[in-house]
$ cat my_file_18.pdb   # PDB, C-alpha atoms
MODEL        1
ATOM      1  CA  MET A 192       0.000   0.000   0.000
ATOM      2  CA  GLN A 193       1.327   3.424  -0.962
ATOM      3  CA  SER A 194       2.053   5.636   2.046
ATOM      4  CA  PHE A 195       0.835   9.221   2.243
ATOM      5  CA  THR A 196       3.217  12.048   1.488
ATOM      6  CA  TYR A 197       1.982  15.628   1.345
ATOM      7  CA  ASP A 198       4.129  16.691  -1.611
ATOM      8  CA  GLU A 199       2.944  13.800  -3.793
ATOM      9  CA  ALA A 200      -0.704  14.052  -2.717
ATOM     10  CA  PHE A 201      -0.966  17.683  -3.814
ATOM     11  CA  SER A 202       1.620  17.665  -6.590
ATOM     12  CA  ARG A 203      -1.002  18.253  -9.274
ATOM     13  CA  ASN A 204      -1.731  21.675  -7.768
ATOM     14  CA  ILE A 205       1.773  22.709  -8.818
ATOM     15  CA  GLY A 206       1.642  24.744 -11.969
ATOM     16  CA  TRP A 207      -1.342  26.748 -10.839
ATOM     17  CA  LEU A 208       0.585  27.136  -7.590
ATOM     18  CA  THR A 209       4.315  27.336  -7.074
ATOM     19  CA  ARG A 210       5.892  24.798  -4.730
ATOM     20  CA  GLN A 211       6.550  27.612  -2.284
ATOM     21  CA  GLU A 212       2.883  28.664  -2.369
ATOM     22  CA  GLN A 213       1.782  25.074  -1.788
ATOM     23  CA  GLN A 214       3.946  24.947   1.325
ATOM     24  CA  GLN A 215       2.428  28.240   2.471
ATOM     25  CA  LEU A 216      -1.062  26.735   2.189
ATOM     26  CA  ARG A 217       0.097  23.669   4.115
ATOM     27  CA  HIS A 218       0.665  25.865   7.163
ATOM     28  CA  LYS A 219      -2.448  28.062   6.858
ATOM     29  CA  ARG A 220      -5.280  27.728   9.378
ATOM     30  CA  VAL A 221      -8.891  28.027   8.146
ATOM     31  CA  ALA A 222     -11.972  28.303  10.371
ATOM     32  CA  ILE A 223     -15.269  26.908   9.088
ATOM     33  CA  ALA A 224     -18.506  27.190  11.072
ATOM     34  CA  GLY A 225     -21.076  24.689   9.843
ATOM     35  CA  LEU A 226     -20.288  21.431   8.017
ATOM     36  CA  GLY A 227     -23.566  20.879   6.190
ATOM     37  CA  GLY A 228     -24.555  21.944   2.668
ATOM     38  CA  VAL A 229     -21.756  24.361   1.864
ATOM     39  CA  GLY A 230     -19.523  23.872   4.903
ATOM     40  CA  GLY A 231     -18.853  20.188   4.290
ATOM     41  CA  VAL A 232     -17.885  20.780   0.657
ATOM     42  CA  HIS A 233     -15.777  23.783   1.739
ATOM     43  CA  LEU A 234     -13.800  21.517   4.053
ATOM     44  CA  LEU A 235     -13.128  18.818   1.455
ATOM     45  CA  THR A 236     -12.256  21.338  -1.267
ATOM     46  CA  LEU A 237      -9.814  23.194   0.986
ATOM     47  CA  CYS A 238      -8.288  19.868   2.066
ATOM     48  CA  ARG A 239      -7.635  18.987  -1.573
ATOM     49  CA  LEU A 240      -6.118  22.437  -2.066
ATOM     50  CA  GLY A 241      -3.602  21.386   0.595
ATOM     51  CA  ILE A 242      -4.687  23.534   3.548
ATOM     52  CA  GLY A 243      -3.192  21.850   6.596
ATOM     53  CA  LYS A 244      -4.959  23.296   9.640
ATOM     54  CA  PHE A 245      -8.630  23.773  10.485
ATOM     55  CA  HIS A 246     -10.893  25.001  13.250
ATOM     56  CA  LEU A 247     -14.298  23.356  12.710
ATOM     57  CA  ALA A 248     -17.607  24.079  14.442
ATOM     58  CA  GLU A 249     -20.706  21.890  14.065
ATOM     59  CA  PHE A 250     -23.301  20.364  16.421
ATOM     60  CA  ASP A 251     -25.829  18.700  14.070
ATOM     61  CA  THR A 252     -26.342  15.145  12.785
ATOM     62  CA  PHE A 253     -27.148  13.889   9.281
ATOM     63  CA  ASP A 254     -30.711  13.044   8.269
ATOM     64  CA  LEU A 255     -32.551  12.201   5.040
ATOM     65  CA  ALA A 256     -33.368  15.827   4.228
ATOM     66  CA  ASN A 257     -29.618  16.432   3.801
ATOM     67  CA  PHE A 258     -29.157  13.867   1.013
ATOM     68  CA  ASN A 259     -29.740  16.242  -1.909
ATOM     69  CA  ARG A 260     -26.779  18.522  -1.139
ATOM     70  CA  GLN A 261     -24.539  17.603   1.808
ATOM     71  CA  ALA A 262     -21.222  15.875   1.122
ATOM     72  CA  GLY A 263     -21.377  13.682   4.224
ATOM     73  CA  ALA A 264     -25.036  12.634   3.970
ATOM     74  CA  THR A 265     -25.368   8.946   3.047
ATOM     75  CA  VAL A 266     -27.362   5.960   4.236
ATOM     76  CA  SER A 267     -24.373   4.814   6.294
ATOM     77  CA  THR A 268     -24.082   8.193   8.080
ATOM     78  CA  LEU A 269     -27.742   8.693   9.035
ATOM     79  CA  GLY A 270     -27.906   9.897  12.617
ATOM     80  CA  LEU A 271     -24.149  10.383  12.893
ATOM     81  CA  GLY A 272     -22.595  13.699  13.832
ATOM     82  CA  LYS A 273     -21.600  15.886  10.908
ATOM     83  CA  MET A 274     -18.361  16.781  12.649
ATOM     84  CA  GLU A 275     -17.339  13.130  13.067
ATOM     85  CA  VAL A 276     -18.218  12.192   9.491
ATOM     86  CA  MET A 277     -16.604  15.183   7.793
ATOM     87  CA  ILE A 278     -13.388  14.963   9.810
ATOM     88  CA  ARG A 279     -13.117  11.299   8.844
ATOM     89  CA  GLN A 280     -13.491  12.233   5.171
ATOM     90  CA  ALA A 281     -10.995  15.073   5.527
ATOM     91  CA  ARG A 282      -8.394  12.849   7.193
ATOM     92  CA  ASP A 283      -8.850  10.304   4.404
ATOM     93  CA  ILE A 284      -7.596  13.065   2.081
ATOM     94  CA  ASN A 285      -4.812  14.279   4.378
ATOM     95  CA  PRO A 286      -4.053  12.212   7.505
ATOM     96  CA  GLU A 287      -1.601  14.893   8.656
ATOM     97  CA  LEU A 288      -4.336  17.499   9.171
ATOM     98  CA  GLU A 289      -4.269  19.555  12.346
ATOM     99  CA  ILE A 290      -7.908  19.993  13.411
ATOM    100  CA  LYS A 291      -9.442  21.699  16.419
ATOM    101  CA  GLU A 292     -13.070  20.694  17.003
ATOM    102  CA  PHE A 293     -15.911  22.826  18.373
ATOM    103  CA  ALA A 294     -18.563  20.145  18.686
ATOM    104  CA  GLY A 295     -21.175  22.414  20.248
ATOM    105  CA  GLY A 296     -21.067  24.755  17.270
ATOM    106  CA  VAL A 297     -19.733  28.286  17.398
ATOM    107  CA  THR A 298     -21.006  30.331  20.346
ATOM    108  CA  ALA A 299     -20.247  33.590  22.092
ATOM    109  CA  ASP A 300     -18.385  31.567  24.748
ATOM    110  CA  ASN A 301     -15.984  29.800  22.368
ATOM    111  CA  LEU A 302     -15.663  32.438  19.643
ATOM    112  CA  ASP A 303     -12.229  33.655  20.752
ATOM    113  CA  ALA A 304     -10.849  30.116  20.758
ATOM    114  CA  PHE A 305     -12.544  29.342  17.438
ATOM    115  CA  LEU A 306     -10.786  32.256  15.749
ATOM    116  CA  ASP A 307      -7.482  32.008  17.630
ATOM    117  CA  ASP A 308      -4.507  32.101  15.225
ATOM    118  CA  VAL A 309      -6.845  31.704  12.227
ATOM    119  CA  ASP A 310      -5.760  33.048   8.827
ATOM    120  CA  ILE A 311      -9.208  33.176   7.215
ATOM    121  CA  TYR A 312     -12.838  32.360   8.037
ATOM    122  CA  VAL A 313     -15.062  30.589   5.470
ATOM    123  CA  ASP A 314     -18.760  30.732   6.285
ATOM    124  CA  GLY A 315     -20.718  27.478   6.308
ATOM    125  CA  LEU A 316     -23.490  28.392   8.738
ATOM    126  CA  ASP A 317     -27.121  27.658   7.997
ATOM    127  CA  PHE A 318     -28.813  30.511   6.111
ATOM    128  CA  PHE A 319     -31.029  31.310   9.103
ATOM    129  CA  ALA A 320     -28.277  31.299  11.782
ATOM    130  CA  PHE A 321     -28.292  35.089  11.950
ATOM    131  CA  GLN A 322     -27.125  35.635  15.536
ATOM    132  CA  ALA A 323     -24.181  33.252  15.226
ATOM    133  CA  ARG A 324     -23.234  34.671  11.822
ATOM    134  CA  GLN A 325     -23.321  38.270  13.068
ATOM    135  CA  GLN A 326     -21.154  37.350  16.051
ATOM    136  CA  VAL A 327     -18.582  35.463  13.967
ATOM    137  CA  PHE A 328     -18.228  38.166  11.325
ATOM    138  CA  ALA A 329     -18.035  40.905  13.964
ATOM    139  CA  ALA A 330     -15.264  39.008  15.739
ATOM    140  CA  CYS A 331     -13.425  38.533  12.439
ATOM    141  CA  ALA A 332     -13.567  42.292  11.854
ATOM    142  CA  THR A 333     -12.236  42.979  15.362
ATOM    143  CA  LYS A 334      -9.413  40.459  14.945
ATOM    144  CA  ASN A 335      -8.557  41.562  11.369
ATOM    145  CA  ILE A 336      -9.401  38.129   9.951
ATOM    146  CA  PRO A 337     -10.617  38.055   6.335
ATOM    147  CA  ALA A 338     -13.974  36.341   5.924
ATOM    148  CA  VAL A 339     -15.602  34.789   2.865
ATOM    149  CA  THR A 340     -19.257  33.922   2.347
ATOM    150  CA  ALA A 341     -20.557  32.107  -0.742
ATOM    151  CA  ALA A 342     -24.317  31.614  -0.725
ATOM    152  CA  PRO A 343     -25.956  28.707  -2.588
ATOM    153  CA  LEU A 344     -28.866  30.246  -4.494
ATOM    154  CA  GLY A 345     -30.804  28.211  -7.022
ATOM    155  CA  MET A 346     -28.123  26.682  -9.232
ATOM    156  CA  GLY A 347     -25.537  29.356  -8.611
ATOM    157  CA  THR A 348     -23.555  31.194  -5.970
ATOM    158  CA  ALA A 349     -23.375  34.763  -4.671
ATOM    159  CA  VAL A 350     -20.017  35.741  -3.161
ATOM    160  CA  LEU A 351     -18.961  38.458  -0.737
ATOM    161  CA  ASN A 352     -15.547  38.995   0.851
ATOM    162  CA  PHE A 353     -15.107  41.019   4.039
ATOM    163  CA  LEU A 354     -11.517  42.145   4.407
ATOM    164  CA  PRO A 355      -9.685  43.828   7.306
ATOM    165  CA  GLY A 356     -10.097  47.590   7.129
ATOM    166  CA  GLY A 357     -12.956  47.315   4.648
ATOM    167  CA  MET A 358     -16.729  47.356   4.994
ATOM    168  CA  SER A 359     -17.920  45.002   7.725
ATOM    169  CA  PHE A 360     -20.609  42.330   7.510
ATOM    170  CA  ASN A 361     -22.862  44.219   9.923
ATOM    171  CA  ASP A 362     -22.427  47.528   8.091
ATOM    172  CA  TYR A 363     -23.230  45.858   4.782
ATOM    173  CA  PHE A 364     -26.276  43.781   5.745
ATOM    174  CA  ARG A 365     -27.742  45.997   8.506
ATOM    175  CA  LEU A 366     -29.728  43.004   9.801
ATOM    176  CA  ASP A 367     -30.682  44.840  12.984
ATOM    177  CA  ASP A 368     -32.202  47.824  11.154
ATOM    178  CA  GLY A 369     -35.577  46.087  11.034
ATOM    179  CA  PRO A 370     -37.605  43.571  13.057
ATOM    180  CA  GLU A 371     -36.494  39.973  13.502
ATOM    181  CA  ALA A 372     -38.945  38.770  10.843
ATOM    182  CA  GLU A 373     -37.147  40.895   8.243
ATOM    183  CA  LYS A 374     -33.696  39.367   8.765
ATOM    184  CA  PRO A 375     -34.047  36.540   6.214
ATOM    185  CA  LEU A 376     -35.198  39.018   3.586
ATOM    186  CA  ARG A 377     -32.465  41.561   4.332
ATOM    187  CA  PHE A 378     -29.824  38.830   4.273
ATOM    188  CA  LEU A 379     -31.081  37.360   0.994
ATOM    189  CA  MET A 380     -31.299  40.721  -0.775
ATOM    190  CA  GLY A 381     -27.862  41.719   0.475
ATOM    191  CA  LEU A 382     -26.316  38.463  -0.678
ATOM    192  CA  ALA A 383     -27.792  38.594  -4.157
ATOM    193  CA  PRO A 384     -28.700  42.093  -5.335
ATOM    194  CA  ALA A 385     -28.784  40.766  -8.931
ATOM    195  CA  ARG A 386     -31.373  38.091  -7.974
ATOM    196  CA  LEU A 387     -30.330  35.875 -10.884
ATOM    197  CA  GLN A 388     -31.907  32.808  -9.289
ATOM    198  CA  MET A 389     -35.466  34.103  -9.166
ATOM    199  CA  GLY A 390     -36.233  33.751 -12.864
ATOM    200  CA  TYR A 391     -36.409  29.939 -12.845
ATOM    201  CA  LEU A 392     -37.896  29.125  -9.423
ATOM    202  CA  ALA A 393     -40.330  26.353 -10.386
ATOM    203  CA  ASP A 394     -42.416  26.364  -7.191
ATOM    204  CA  PRO A 395     -42.442  29.674  -5.265
ATOM    205  CA  SER A 396     -44.448  28.088  -2.442
ATOM    206  CA  THR A 397     -41.297  26.233  -1.315
ATOM    207  CA  VAL A 398     -39.653  29.527  -0.290
ATOM    208  CA  ASP A 399     -40.996  30.133   3.210
ATOM    209  CA  LEU A 400     -38.712  32.617   4.958
ATOM    210  CA  ALA A 401     -41.081  32.998   7.911
ATOM    211  CA  ASN A 402     -40.741  29.294   8.735
ATOM    212  CA  ARG A 403     -37.061  29.153   7.771
ATOM    213  CA  LYS A 404     -37.484  26.816   4.818
ATOM    214  CA  GLY A 405     -36.310  26.900   1.233
ATOM    215  CA  PRO A 406     -35.188  24.683  -1.656
ATOM    216  CA  SER A 407     -31.547  23.878  -2.392
ATOM    217  CA  THR A 408     -29.339  22.085  -4.930
ATOM    218  CA  ILE A 409     -26.006  20.276  -4.828
ATOM    219  CA  MET A 410     -24.868  22.262  -7.876
ATOM    220  CA  ALA A 411     -25.091  25.488  -5.879
ATOM    221  CA  CYS A 412     -23.169  24.020  -2.931
ATOM    222  CA  GLN A 413     -20.381  22.739  -5.160
ATOM    223  CA  LEU A 414     -20.123  26.057  -6.992
ATOM    224  CA  CYS A 415     -19.910  27.800  -3.606
ATOM    225  CA  ALA A 416     -17.013  25.587  -2.553
ATOM    226  CA  GLY A 417     -15.137  26.198  -5.773
ATOM    227  CA  VAL A 418     -15.382  29.968  -5.652
ATOM    228  CA  ALA A 419     -14.847  30.243  -1.881
ATOM    229  CA  ALA A 420     -11.675  28.144  -2.102
ATOM    230  CA  THR A 421     -10.467  30.336  -4.965
ATOM    231  CA  GLU A 422     -11.127  33.496  -2.959
ATOM    232  CA  ALA A 423      -9.357  31.927   0.036
ATOM    233  CA  LEU A 424      -6.346  31.018  -2.114
ATOM    234  CA  LYS A 425      -6.036  34.576  -3.443
ATOM    235  CA  ILE A 426      -6.406  36.123   0.006
ATOM    236  CA  LEU A 427      -4.028  33.707   1.750
ATOM    237  CA  LEU A 428      -1.335  34.005  -0.920
ATOM    238  CA  GLY A 429      -1.840  37.667  -1.736
ATOM    239  CA  ARG A 430      -2.548  36.796  -5.370
ATOM    240  CA  GLY A 431      -4.943  38.437  -7.793
ATOM    241  CA  PRO A 432      -7.701  41.041  -7.384
ATOM    242  CA  ILE A 433     -10.224  40.632  -4.562
ATOM    243  CA  ARG A 434     -13.734  42.043  -4.858
ATOM    244  CA  ALA A 435     -14.515  43.108  -1.299
ATOM    245  CA  ALA A 436     -17.834  44.290   0.124
ATOM    246  CA  PRO A 437     -19.736  46.349  -0.886
ATOM    247  CA  LYS A 438     -18.638  44.726  -4.155
ATOM    248  CA  GLY A 439     -19.438  41.087  -4.862
ATOM    249  CA  TYR A 440     -20.461  38.772  -7.662
ATOM    250  CA  HIS A 441     -23.194  36.300  -8.494
ATOM    251  CA  PHE A 442     -22.729  33.449 -10.980
ATOM    252  CA  ASP A 443     -25.748  31.432 -12.034
ATOM    253  CA  ALA A 444     -24.973  28.235 -13.970
ATOM    254  CA  TYR A 445     -28.597  27.680 -15.004
ATOM    255  CA  ARG A 446     -28.815  31.075 -16.673
ATOM    256  CA  ASN A 447     -25.149  31.150 -17.753
ATOM    257  CA  LYS A 448     -24.846  34.619 -16.284
ATOM    258  CA  LEU A 449     -22.287  36.447 -14.168
ATOM    259  CA  ALA A 450     -23.293  39.664 -12.409
ATOM    260  CA  LEU A 451     -20.674  41.869 -10.766
ATOM    261  CA  THR A 452     -22.569  43.556  -7.938
ATOM    262  CA  TRP A 453     -21.859  46.824  -6.160
ATOM    263  CA  ARG A 454     -24.067  48.260  -3.443
ATOM    264  CA  PRO A 455     -22.360  51.257  -1.776
ATOM    265  CA  GLY A 456     -23.773  51.416   1.737
ATOM    266  CA  GLY A 457     -24.950  47.818   1.512
ATOM    267  CA  ASN A 458     -28.595  47.444   2.469
ATOM    268  CA  ARG A 459     -28.719  51.168   3.213
ATOM    269  CA  ASN A 460     -28.253  51.860  -0.488
ATOM    270  CA  PRO A 461     -31.421  53.567  -1.839
ATOM    271  CA  LEU A 462     -31.899  50.858  -4.461
ATOM    272  CA  GLN A 463     -31.553  48.130  -1.839
ATOM    273  CA  ARG A 464     -33.987  49.893   0.477
ATOM    274  CA  LEU A 465     -36.528  50.057  -2.344
ATOM    275  CA  VAL A 466     -36.079  46.382  -3.220
ATOM    276  CA  ILE A 467     -36.444  45.370   0.435
ATOM    277  CA  ALA A 468     -39.545  47.515   0.851
ATOM    278  CA  LEU A 469     -41.172  45.992  -2.238
ATOM    279  CA  ALA A 470     -40.333  42.477  -1.090
ATOM    280  CA  LYS A 471     -41.732  43.177   2.376
ATOM    281  CA  ARG A 472     -44.984  44.365   0.839
ATOM    282  CA  LYS A 473     -45.185  41.301  -1.373
ATOM    283  CA  LEU A 474     -44.581  38.982   1.581
ATOM    284  CA  GLY A 475     -46.858  40.903   3.918
ATOM    285  CA  LEU A 476     -44.121  41.609   6.469
TER
ENDMDL
END
$ encode --input "my_file_18.pdb" --output "structure tokens"
Amino acid sequence: MQSFTYDEAFSRNIGWLTRQEQQQLRHKRVAIAGLGGVGGVHLLTLCRLGIGKFHLAEFDTFDLANFNRQAGATVSTLGLGKMEVMIRQARDINPELEIKEFAGGVTADNLDAFLDDVDIYVDGLDFFAFQARQQVFAACATKNIPAVTAAPLGMGTAVLNFLPGGMSFNDYFRLDDGPEAEKPLRFLMGLAPARLQMGYLADPSTVDLANRKGPSTIMACQLCAGVAATEALKILLGRGPIRAAPKGYHFDAYRNKLALTWRPGGNRNPLQRLVIALAKRKLGL
């Protein structure tokens, strides 16, 4: 049986990366909160990129409703912890991984430890985990940790980077500017100002923001992982241009469209405020 060696395992990255850059990635530490739809694929993609250190937060277990999109969801993993399953898969890719586990999920009590000595945060939290997401991104801003969020929308992904010294997550989304019931709407509109996914929604009744439910696809999750890993590579290695909030982009594979978004002021932008107001009226909020 062939034994594992890091250089051989990730040798096919060389060419797009220099050998020196690959070694840099080997010693980078990435924090991921949530190991479900996007978070699980983030972890495996970053492992195959050769990232060597992770802080992982997850408390949930796999069930049947996860089968359509989550990398660790199989018949053999039903009822098992997502953390356990995804770490096993990750170590099958790189047995030398250094992993710190936060099995209760990310909380205000463990946030400092979760982000300790982290080079970048990649968001994998559930869409509706607003309190946890606000706390994590605020802590990243305080600690000067770059943060990437790639949202799975329809059959595409909407991407925002929050960089040290730039616009913060809370300043962009302004989730607390309205009542609690508005948060899903404000988050969705901030993520995807271009709204490319809405043109082919086959059954609008499946989008129920009030009850925290919505449809999803594996294509969107895999696209998210690809673009988030690319953004992480550029940030960690200081390579290439980075579109940072209030700039972002939205690629939709179904429509074969790429929209470069720019919302100065985030959700306080007059156009965003109008869109949110119209959506609120339509939803009766």
$ closest_atom_pairs --input "my_file_18.pdb" --of "segment 282-391 of chain A" --to "segment 195-199 of chain A" --cutoff "9 Å" --atoms "all atoms listed in the file" --output "tab-separated table"
residue	atom	partner	partner_atom	distance
A:Asn285	CA	A:Tyr197	CA	7.6
A:Pro286	CA	A:Phe195	CA	7.8
A:Glu287	CA	A:Tyr197	CA	8.2
$ residues_around --input "my_file_18.pdb" --residues "segment 439-455 of chain A" --least-positions-apart "3" --cutoff "7 Å" --atoms "all atoms listed in the file" --output "PDB file with C-alpha atoms, in the frame of the given file"
ATOM      1  CA  MET A 346     -28.123  26.682  -9.232  1.00  0.00           C
ATOM      2  CA  GLY A 347     -25.537  29.356  -8.611  1.00  0.00           C
ATOM      3  CA  THR A 348     -23.555  31.194  -5.970  1.00  0.00           C
ATOM      4  CA  ALA A 349     -23.375  34.763  -4.671  1.00  0.00           C
ATOM      5  CA  VAL A 350     -20.017  35.741  -3.161  1.00  0.00           C
ATOM      6  CA  LEU A 351     -18.961  38.458  -0.737  1.00  0.00           C
ATOM      7  CA  ALA A 383     -27.792  38.594  -4.157  1.00  0.00           C
ATOM      8  CA  PRO A 384     -28.700  42.093  -5.335  1.00  0.00           C
ATOM      9  CA  ALA A 385     -28.784  40.766  -8.931  1.00  0.00           C
ATOM     10  CA  LEU A 387     -30.330  35.875 -10.884  1.00  0.00           C
ATOM     11  CA  GLN A 388     -31.907  32.808  -9.289  1.00  0.00           C
ATOM     12  CA  ARG A 434     -13.734  42.043  -4.858  1.00  0.00           C
ATOM     13  CA  ALA A 435     -14.515  43.108  -1.299  1.00  0.00           C
ATOM     14  CA  ALA A 436     -17.834  44.290   0.124  1.00  0.00           C
ATOM     15  CA  ASN A 460     -28.253  51.860  -0.488  1.00  0.00           C
TER      16      ASN A 460
END
$ closest_residue --input "my_file_18.pdb" --among "A:Gly225, A:Pro461, A:Gly357, A:Gly263" --to "Ala294 of chain A" --atoms "only C-alpha atoms"
A:Gly225
$ residues_around --input "my_file_18.pdb" --residues "segment 314-330 of chain A" --least-positions-apart "5" --cutoff "8 Å" --atoms "only C-alpha atoms" --output "JSON, numbers by chain"
{"A": [223, 224, 225, 226, 227, 228, 229, 230, 231, 233, 297, 298, 299, 302, 303, 338, 339, 340, 341, 359, 360, 361, 374, 375, 403]}
$ closest_atom_pairs --input "my_file_18.pdb" --of "segment 266-374 of chain A" --to "segment 244-256 of chain A" --cutoff "7 Å" --atoms "all atoms listed in the file" --output "tab-separated table"
residue	atom	partner	partner_atom	distance
A:Thr268	CA	A:Phe253	CA	6.6
A:Leu269	CA	A:Phe253	CA	5.2
A:Gly270	CA	A:Phe253	CA	5.3
A:Leu271	CA	A:Thr252	CA	5.2
A:Gly272	CA	A:Thr252	CA	4.2
A:Lys273	CA	A:Thr252	CA	5.2
A:Met274	CA	A:Glu249	CA	5.8
A:Leu288	CA	A:Lys244	CA	5.8
A:Glu289	CA	A:Lys244	CA	4.7
A:Ile290	CA	A:Phe245	CA	4.8
A:Lys291	CA	A:His246	CA	4.8
A:Glu292	CA	A:Leu247	CA	5.2
A:Phe293	CA	A:Ala248	CA	4.5
A:Ala294	CA	A:Phe250	CA	5.3
A:Gly295	CA	A:Phe250	CA	4.8
A:Gly296	CA	A:Glu249	CA	4.3
A:Val297	CA	A:Ala248	CA	5.6
A:Phe305	CA	A:His246	CA	6.3
$ residues_around --input "my_file_18.pdb" --residues "Asp308 of chain A" --least-positions-apart "5" --cutoff "10 Å" --atoms "all atoms listed in the file" --output "VMD selection string"
chain A and resid 219 to 222 246 303 334 336
$ residues_around --input "my_file_18.pdb" --residues "segment 208-217 of chain A" --least-positions-apart "6" --cutoff "12 Å" --atoms "all atoms listed in the file" --output "PyMOL selection string"
chain A and resi 197-202+237-245+285+287-289+310-311+420-421+423-430
$ atom_distance --input "my_file_18.pdb" --atom1 "atom CA of Gln261 of chain A" --atom2 "atom CA of Cys412 of chain A"
8.1 Å
$ resolve_selection --input "my_file_18.pdb" --expression "the PyMOL selection byres ((chain A and resi 392) around 12)" --output "list of chain:residue names"
A:Leu344, A:Gly345, A:Met346, A:Arg386, A:Leu387, A:Gln388, A:Met389, A:Gly390, A:Tyr391, A:Ala393, A:Asp394, A:Pro395, A:Ser396, A:Thr397, A:Val398, A:Gly405, A:Pro406, A:Ser407, A:Thr408, A:Tyr445, A:Arg446
$ resolve_selection --input "my_file_18.pdb" --expression "the PyMOL selection byres ((chain A and resi 471) around 12)" --output "list in words"
Gly369, Pro370, Ala372, Glu373, Lys374, Pro375, Leu376, Arg377, Met380, Leu400, Ala401, Arg464, Leu465, Val466, Ile467, Ala468, Leu469, Ala470, Arg472, Lys473, Leu474, Gly475 and Leu476 of chain A
$ atom_distance --input "my_file_18.pdb" --atom1 "atom CA of Thr236 of chain A" --atom2 "atom CA of Tyr363 of chain A"
27.5 Å
$ atom_distance --input "my_file_18.pdb" --atom1 "atom CA of Pro437 of chain A" --atom2 "atom CA of Met358 of chain A"
6.7 Å
$ axis_aligned_box --input "my_file_18.pdb" --around "segment 270-289 of chain A" --padding-each-side "8 Å" --output "AutoDock Vina command-line options"
--center_x -14.8 --center_y 14.7 --center_z 8.0 --size_x 42.3 --size_y 25.7 --size_z 27.8
